[in-house]
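Visitor: model.txt is the file, holding compact mmCIF, C-alpha atoms:
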```
# COMPACT_ATOMS: atom_id res chain seq x y z
CA MET A 156 0.00 0.00 0.00
CA LEU A 157 2.75 2.44 0.94
CA PRO A 158 4.69 2.10 -2.35
CA TRP A 159 1.56 2.78 -4.41
CA ALA A 160 0.74 5.81 -2.27
CA GLY A 161 4.28 7.01 -2.95
CA TRP A 162 3.76 6.65 -6.70
CA ALA A 163 0.46 8.57 -6.53
CA VAL A 164 1.91 11.47 -4.54
CA TRP A 165 5.08 11.64 -6.66
CA LEU A 166 3.14 11.71 -9.94
CA ALA A 167 0.85 14.40 -8.50
CA VAL A 168 3.89 16.47 -7.56
CA LEU A 169 5.31 16.09 -11.07
CA PHE A 170 2.00 17.10 -12.63
CA PHE A 171 1.40 20.21 -10.53
CA SER A 172 5.03 21.36 -10.57
CA TYR A 173 5.58 21.08 -14.32
CA PRO A 174 7.74 24.05 -15.43
CA ARG A 175 6.21 25.33 -18.65
CA GLU A 176 9.32 27.33 -19.52
CA PHE A 177 11.54 24.24 -19.47
CA TYR A 178 10.74 22.53 -22.79
CA PRO A 179 10.89 25.64 -25.03
CA LYS A 180 14.24 26.56 -23.51
CA PHE A 181 15.53 23.01 -23.78
CA LYS A 182 14.35 22.74 -27.39
CA HIS A 183 15.96 25.93 -28.69
CA GLN A 184 19.14 26.35 -26.63
CA LYS A 185 21.91 23.83 -27.29
CA ASP A 186 23.96 24.96 -24.30
CA TYR A 187 20.99 24.29 -22.06
CA GLN A 188 20.53 20.86 -23.63
CA HIS A 189 24.13 20.03 -22.80
CA LEU A 190 23.71 21.32 -19.25
CA VAL A 191 20.59 19.25 -18.60
CA SER A 192 21.96 16.12 -20.27
CA GLY A 193 25.25 16.38 -18.39
CA THR A 194 23.36 16.87 -15.13
CA VAL A 195 21.31 13.72 -15.72
CA VAL A 196 24.43 11.65 -16.44
CA ILE A 197 26.27 12.96 -13.37
CA LEU A 198 23.30 12.29 -11.08
CA PHE A 199 22.85 8.78 -12.50
CA LEU A 200 26.49 7.92 -11.90
CA LEU A 201 26.50 9.52 -8.45
CA TRP A 202 23.33 7.75 -7.32
CA SER A 203 24.59 4.43 -8.71
CA LEU A 204 27.50 4.51 -6.26
CA ARG A 205 25.79 3.12 -3.17
CA ALA A 206 27.21 1.75 0.03
CA GLY A 207 25.83 0.53 3.32
CA LEU A 208 26.18 -1.88 6.19
CA VAL A 209 23.29 -4.16 5.11
CA ASP A 210 21.20 -4.77 2.00
CA GLY A 211 18.17 -2.52 1.72
CA LEU A 212 19.79 0.28 3.72
CA LYS A 213 22.16 1.83 1.23
CA VAL A 214 23.38 5.43 1.20
CA HIS A 215 24.60 7.68 -1.60
CA PHE A 216 25.35 11.33 -2.20
CA LEU A 217 22.49 13.50 -3.45
CA ALA A 218 23.91 16.70 -5.02
CA LEU A 219 20.34 18.03 -5.02
CA THR A 220 21.16 21.37 -3.43
CA VAL A 221 23.41 22.43 -6.29
CA LEU A 222 20.79 21.09 -8.71
CA THR A 223 18.12 23.23 -7.05
CA LEU A 224 20.27 26.34 -6.95
CA THR A 225 21.15 25.88 -10.62
CA HIS A 226 17.70 25.14 -12.06
CA GLY A 227 15.13 26.15 -9.45
CA TRP A 228 12.96 23.68 -7.56
CA ARG A 229 10.45 22.84 -10.30
CA ILE A 230 12.97 21.97 -12.99
CA ALA A 231 15.18 20.23 -10.42
CA ILE A 232 12.37 17.83 -9.52
CA TRP A 233 11.79 16.99 -13.18
CA ILE A 234 15.46 16.60 -14.06
CA ALA A 235 16.03 14.35 -11.05
CA ALA A 236 13.19 12.06 -12.18
CA VAL A 237 15.23 10.94 -15.21
CA PRO A 238 18.20 9.34 -13.39
CA GLY A 239 15.69 7.68 -11.07
CA LEU A 240 14.03 6.03 -14.05
CA LEU A 241 17.44 5.03 -15.41
CA LEU A 242 18.27 3.36 -12.10
CA VAL A 243 15.11 1.27 -12.50
CA ALA A 244 15.97 0.46 -16.12
CA PHE A 245 19.43 -0.80 -15.09
CA GLY A 246 18.04 -2.86 -12.23
CA ILE A 247 19.65 -0.77 -9.49
CA GLN A 248 16.36 0.49 -8.06
CA ASP A 249 13.16 -1.47 -7.46
CA TRP A 250 10.40 0.10 -9.59
CA GLN A 251 7.67 -0.43 -6.99
CA GLU A 252 9.50 1.79 -4.52
CA LEU A 253 10.47 4.47 -7.05
CA GLY A 254 7.65 6.78 -5.99
CA LEU A 255 8.64 6.74 -2.33
CA VAL A 256 12.31 7.00 -3.20
CA ASN A 257 11.69 10.08 -5.33
CA LEU A 258 9.61 11.69 -2.59
CA THR A 259 12.15 11.13 0.18
CA SER A 260 15.33 11.40 -1.90
CA VAL A 261 14.37 14.10 -4.41
CA VAL A 262 11.20 16.10 -3.81
CA VAL A 263 11.56 16.88 -0.10
CA PRO A 264 15.35 17.57 -0.22
CA VAL A 265 14.82 19.84 -3.23
CA LEU A 266 12.05 21.76 -1.46
CA ILE A 267 14.15 22.03 1.71
CA SER A 268 17.11 23.29 -0.31
CA TYR A 269 15.03 25.95 -2.02
CA TRP A 270 13.41 26.98 1.27
CA VAL A 271 16.82 27.45 2.94
CA PHE A 272 18.00 29.48 -0.05
CA LEU A 273 14.94 31.73 0.20
CA LEU A 274 15.49 32.23 3.93
CA SER A 275 19.15 33.11 3.40
CA TYR A 276 18.27 35.48 0.56
CA ARG A 277 15.65 37.29 2.61
CA TYR A 278 17.13 37.41 6.10
CA LEU A 279 20.91 37.22 5.69
CA SER A 280 23.38 39.56 4.07
CA ARG A 281 23.43 39.09 0.29
CA HIS A 282 27.08 38.25 0.10
CA LEU A 283 28.84 35.70 -2.09
CA PHE A 284 30.16 33.80 0.92
CA ILE A 285 26.68 33.64 2.47
CA TYR A 286 25.39 32.15 -0.76
CA ILE A 287 28.15 29.54 -0.90
CA PHE A 288 28.35 28.54 2.76
CA VAL A 289 24.69 28.81 3.76
CA ALA A 290 22.66 28.27 0.59
CA ALA A 291 25.05 25.60 -0.76
CA PHE A 292 27.38 24.12 1.89
CA PHE A 293 25.12 24.02 4.98
CA ASN A 294 22.08 23.45 2.79
CA GLY A 295 23.63 20.35 1.23
CA ALA A 296 24.29 18.79 4.65
CA LEU A 297 20.74 19.55 5.78
CA SER A 298 19.23 17.95 2.67
CA GLN A 299 21.17 14.75 3.36
CA VAL A 300 19.91 14.62 6.96
CA VAL A 301 16.30 15.12 5.90
CA HIS A 302 16.64 12.53 3.15
CA MET A 303 18.03 9.84 5.46
CA LEU A 304 15.51 10.52 8.24
CA LEU A 305 12.59 10.27 5.81
CA THR A 306 14.02 7.18 4.10
CA GLY A 307 14.60 5.46 7.42
CA SER A 308 11.07 6.33 8.50
CA TRP A 309 9.29 4.81 5.51
CA ILE A 310 11.46 1.70 5.61
CA TRP A 311 10.43 1.32 9.26
CA LEU A 312 6.76 1.85 8.38
CA GLU A 313 7.01 -0.95 5.83
CA GLY A 314 7.95 -3.23 8.73
CA GLU A 315 11.00 -4.82 7.16
CA TYR A 316 13.36 -3.64 9.90
CA SER A 317 12.89 -2.45 13.47
CA TRP A 318 13.56 1.20 14.26
CA GLN A 319 16.57 0.34 16.41
CA TYR A 320 18.03 -1.74 13.58
CA ILE A 321 17.59 1.18 11.17
CA VAL A 322 19.25 3.56 13.64
CA ASP A 323 22.21 1.23 14.18
CA ASN A 324 22.77 0.32 10.52
CA TYR A 325 21.54 3.36 8.58
CA LEU A 326 20.98 6.55 10.55
CA LEU A 327 24.28 5.97 12.32
CA LEU A 328 25.97 6.92 9.03
CA ILE A 329 24.53 10.44 8.97
CA PRO A 330 27.57 12.11 10.63
CA LEU A 331 29.88 10.44 8.11
CA LEU A 332 27.93 11.82 5.14
CA LEU A 333 27.30 15.40 6.29
CA PHE A 334 30.65 16.97 5.45
CA PRO A 335 31.19 15.16 2.10
CA GLU A 336 27.65 16.06 0.97
CA ALA A 337 28.12 19.66 2.07
CA LEU A 338 31.51 19.82 0.36
CA LEU A 339 30.14 18.35 -2.87
CA ASN A 340 27.38 20.94 -3.10
CA GLY A 341 29.51 23.83 -1.85
CA MET A 342 32.42 23.21 -4.23
CA SER A 343 30.14 22.57 -7.21
CA THR A 344 28.20 25.76 -6.54
CA THR A 345 31.43 27.73 -6.12
CA LEU A 346 32.78 26.54 -9.46
CA LEU A 347 29.50 27.34 -11.19
CA VAL A 348 29.12 30.88 -9.83
CA VAL A 349 32.77 31.64 -10.66
CA TYR A 350 32.97 30.19 -14.17
CA LYS A 351 29.34 29.84 -15.31
CA PRO A 352 27.15 32.19 -13.24
CA GLU A 353 24.62 32.34 -16.07
CA TRP A 354 23.85 28.67 -15.41
CA VAL A 355 22.90 29.27 -11.78
CA ARG A 356 19.31 30.43 -11.74
CA THR A 357 19.26 31.53 -8.09
CA PHE A 358 22.53 33.49 -8.22
CA TYR A 359 21.92 37.17 -8.84
CA GLU A 360 25.14 39.06 -9.57
CA ARG A 361 23.43 42.41 -9.01
CA ASP A 362 22.68 41.36 -5.40
CA TYR A 363 25.63 39.22 -4.42
CA ILE A 364 28.41 41.15 -6.19
CA TYR A 365 27.51 44.54 -7.67
CA GLN A 366 25.16 45.68 -4.93
CA ARG A 367 27.72 44.61 -2.32
CA ASP A 368 30.43 46.65 -4.04
CA LYS A 369 28.24 49.73 -3.94
```
Could you quickly redo this structure as structure tokens?
Guide:
Amino acid sequence: MLPWAGWAVWLAVLFFSYPREFYPKFKHQKDYQHLVSGTVVILFLLWSLRAGLVDGLKVHFLALTVLTLTHGWRIAIWIAAVPGLLLVAFGIQDWQELGLVNLTSVVVPVLISYWVFLLSYRYLSRHLFIYIFVAAFFNGALSQVVHMLLTGSWIWLEGEYSWQYIVDNYLLLIPLLLFPEALLNGMSTTLLVVYKPEWVRTFYERDYIYQRDK
């Protein structure tokens, strides 16, 4: 019952969050096609590299914060759906659980990442270092925590493992993943805003650079 509910909610999210501006831009701009295609390949490879103490409780890096900062939350959710489907096609991910996996590993972390960015943009100084360390670095670590807590919760609700077993063999890994996940998103965002700021949809040079200089 839970996997089918996950599919229903995930498909509803995809339907109501469809970014109408995405396809025209993707169709007519070759650079954007390369950016999106490269992003899908990188996410597929990154999510394929899984590790864990026991079967069924595997962990992997997300890189969803940098994806959200680059494309915005709507497009990020749609782009991230493609590597998820590829994981199913290659037999890495069980298709019945794809809906729940996308909710806990994509939709909620993306929304959390965008929410933290909005809070930092509104309430903190609009400085380049604030953008990198709060909206990217800290944000990436937070998204990983939320992802693992939600994943552990629905695995527990399915009744396959006890909560204590999940804590000892899955949630125990959270401290080990925080800094690498934060570093991955922080460094990627830094490289993008330095060399390709036009690719980062949430980075406004007039606010983070020019306005600061004034």
Visitor: Would you compute the distance between CA of Tyr363 in chain A and CA of Gly193 in chain A? Give it in Å to one decimal.
Guide: 26.8 Å
Visitor: Find the residues near range 238-246 of chain A: any atom within 7 Å, counting all atoms listed in the file, skip ones fewer than 2 places away on the same chain, and give them as a list in words.
Guide: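 My reading of the contact set: Val195, Leu198, Phe199, Ala235, Ala236, Gln248, Asp249 and Trp250 of chain A.
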Visitor: Give me, please, the distance in Å between CA of Ile364 in chain A and CA of Thr345 in chain A, quoted to one decimal.
Guide: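 Computed distance, CA of Ile364 in chain A to CA of Thr345 in chain A, equals 13.8 Å.
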Visitor: Identify the residues within 10 Å of coordinate (25.1, 35.7, 0.2) (same frame as the file), considering only C-alpha atoms, and give the answer as a PyMOL selection string.
Guide: chain A and resi 272+275-277+279-290+358-359+362-364+367
Visitor: Take the residues from that selection and put them in a file with C-alpha atoms, as an mmCIF file, in the frame of the given file.
Guide:
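This is the output file selection.cif:
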```
data_model
loop_
_atom_site.group_PDB
_atom_site.id
_atom_site.type_symbol
_atom_site.label_atom_id
_atom_site.label_comp_id
_atom_site.auth_asym_id
_atom_site.auth_seq_id
_atom_site.Cartn_x
_atom_site.Cartn_y
_atom_site.Cartn_z
ATOM 1 C CA PHE A 272 18.000 29.480 -0.050
ATOM 2 C CA SER A 275 19.150 33.110 3.400
ATOM 3 C CA TYR A 276 18.270 35.480 0.560
ATOM 4 C CA ARG A 277 15.650 37.290 2.610
ATOM 5 C CA LEU A 279 20.910 37.220 5.690
ATOM 6 C CA SER A 280 23.380 39.560 4.070
ATOM 7 C CA ARG A 281 23.430 39.090 0.290
ATOM 8 C CA HIS A 282 27.080 38.250 0.100
ATOM 9 C CA LEU A 283 28.840 35.700 -2.090
ATOM 10 C CA PHE A 284 30.160 33.800 0.920
ATOM 11 C CA ILE A 285 26.680 33.640 2.470
ATOM 12 C CA TYR A 286 25.390 32.150 -0.760
ATOM 13 C CA ILE A 287 28.150 29.540 -0.900
ATOM 14 C CA PHE A 288 28.350 28.540 2.760
ATOM 15 C CA VAL A 289 24.690 28.810 3.760
ATOM 16 C CA ALA A 290 22.660 28.270 0.590
ATOM 17 C CA PHE A 358 22.530 33.490 -8.220
ATOM 18 C CA TYR A 359 21.920 37.170 -8.840
ATOM 19 C CA ASP A 362 22.680 41.360 -5.400
ATOM 20 C CA TYR A 363 25.630 39.220 -4.420
ATOM 21 C CA ILE A 364 28.410 41.150 -6.190
ATOM 22 C CA ARG A 367 27.720 44.610 -2.320
#
```
Visitor: Give me the residues near Val221 in chain A as a VMD selection string, where near means some atom within 7 Å (using only C-alpha atoms) and where sequence neighbours in that chain fewer than 4 positions away do not count.
Guide: chain A and resid 225 291 340 343 to 344
Visitor: Find, counting all atoms listed in the file, the residue in A:Val300, A:Ile234, A:Leu333, A:Val265 that gets nearest to Val196 in chain A.
Guide: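 Ranked by minimum distance to Val196 in chain A, first place goes to A:Ile234.
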Visitor: Distance CA of Lys182 in chain A-CA of Tyr350 in chain A, one decimal place?
Guide: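 Rounded to one decimal, the two atoms are 24.0 Å apart.
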Visitor: Between A:Asp210, A:Leu224, A:Ala167, A:Phe181, single out the one closest to Trp354 in chain A, counting all atoms listed in the file.
Guide: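 Smallest separation from Trp354 in chain A among the options: A:Leu224.
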Visitor: Which centre and which edge lengths, in Å to one decimal, describe the axis-aligned box that holds all listed atoms of range 189-198 of chain A after 4 Å is added on each side, as AutoDock Vina command-line options?
Guide:
```
--center_x 23.4 --center_y 16.5 --center_z -16.9 --size_x 13.7 --size_y 17.7 --size_z 19.7
```
Visitor: Take the point (8.0, 20.6, -17.7) as written in the file and pick out every residue within 12 Å of it, counting all atoms listed in the file; give the list as a list in words.
Guide: Val168, Leu169, Phe170, Phe171, Ser172, Tyr173, Pro174, Arg175, Glu176, Phe177, Tyr178, Pro179, Lys180, Phe181, Lys182, Trp228, Arg229, Ile230, Ala231, Ile232, Trp233, Ile234 and Ala236 of chain A
Visitor: Set the distance at 10 Å and use all atoms listed in the file: which residues neighbour range 313-325 of chain A once local chain neighbours fewer than 4 positions away are removed? I'd like the list as a compact mmCIF listing (two decimals) with C-alpha atoms, keeping the file's coordinate frame.
Guide:
```txt
# COMPACT_ATOMS: atom_id res chain seq x y z
CA MET A 156 0.00 0.00 0.00
CA LEU A 157 2.75 2.44 0.94
CA PRO A 158 4.69 2.10 -2.35
CA GLY A 207 25.83 0.53 3.32
CA LEU A 208 26.18 -1.88 6.19
CA VAL A 209 23.29 -4.16 5.11
CA GLY A 211 18.17 -2.52 1.72
CA LEU A 212 19.79 0.28 3.72
CA LYS A 213 22.16 1.83 1.23
CA VAL A 214 23.38 5.43 1.20
CA MET A 303 18.03 9.84 5.46
CA LEU A 304 15.51 10.52 8.24
CA THR A 306 14.02 7.18 4.10
CA GLY A 307 14.60 5.46 7.42
CA SER A 308 11.07 6.33 8.50
CA TRP A 309 9.29 4.81 5.51
CA ILE A 329 24.53 10.44 8.97
```
Visitor: Excluding Leu339 in chain A and its own-chain neighbours fewer than 5 positions away, which residues fall within 8 Å of it when counting all atoms listed in the file? Please give them as an mmCIF file with C-alpha atoms, in the coordinates of the input.
Guide:
```
data_model
loop_
_atom_site.group_PDB
_atom_site.id
_atom_site.type_symbol
_atom_site.label_atom_id
_atom_site.label_comp_id
_atom_site.auth_asym_id
_atom_site.auth_seq_id
_atom_site.Cartn_x
_atom_site.Cartn_y
_atom_site.Cartn_z
ATOM 1 C CA ALA A 218 23.910 16.700 -5.020
ATOM 2 C CA PHE A 292 27.380 24.120 1.890
ATOM 3 C CA GLY A 295 23.630 20.350 1.230
#
```
Visitor: Have a look at A:Leu166, A:Ala337, A:Leu255, A:Leu346 and name the one nearest to Ile310 in chain A; count all atoms listed in the file.
Guide: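 Under the stated criterion, the closest residue is A:Leu255.
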Visitor: Taking all atoms listed in the file into account, name the residue in A:Lys351, A:Arg361, A:Val271, A:Leu217 that is nearest to Asp186 in chain A.
Guide: A:Lys351
Visitor: With distances taken over only C-alpha atoms, which of A:Val355, A:Val301, A:Val237, A:Thr223 is nearest to Leu253 in chain A?
Guide: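 Of A:Val355, A:Val301, A:Val237, A:Thr223, the one nearest Leu253 in chain A is A:Val237, counting only C-alpha atoms.
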Visitor: Would you list the contacts of Gly161 in chain A as a PyMOL selection string, taking every protein, DNA or RNA residue within 9 Å and counting all atoms listed in the file, but skipping same-chain residues closer than 6 positions in sequence?
Guide: chain A and resi 252-258
Visitor: With distances taken over all atoms listed in the file, which residue among A:Val349, A:Leu222, A:Val191, A:Ile267 lies nearest Phe293 in chain A?
Guide: A:Ile267
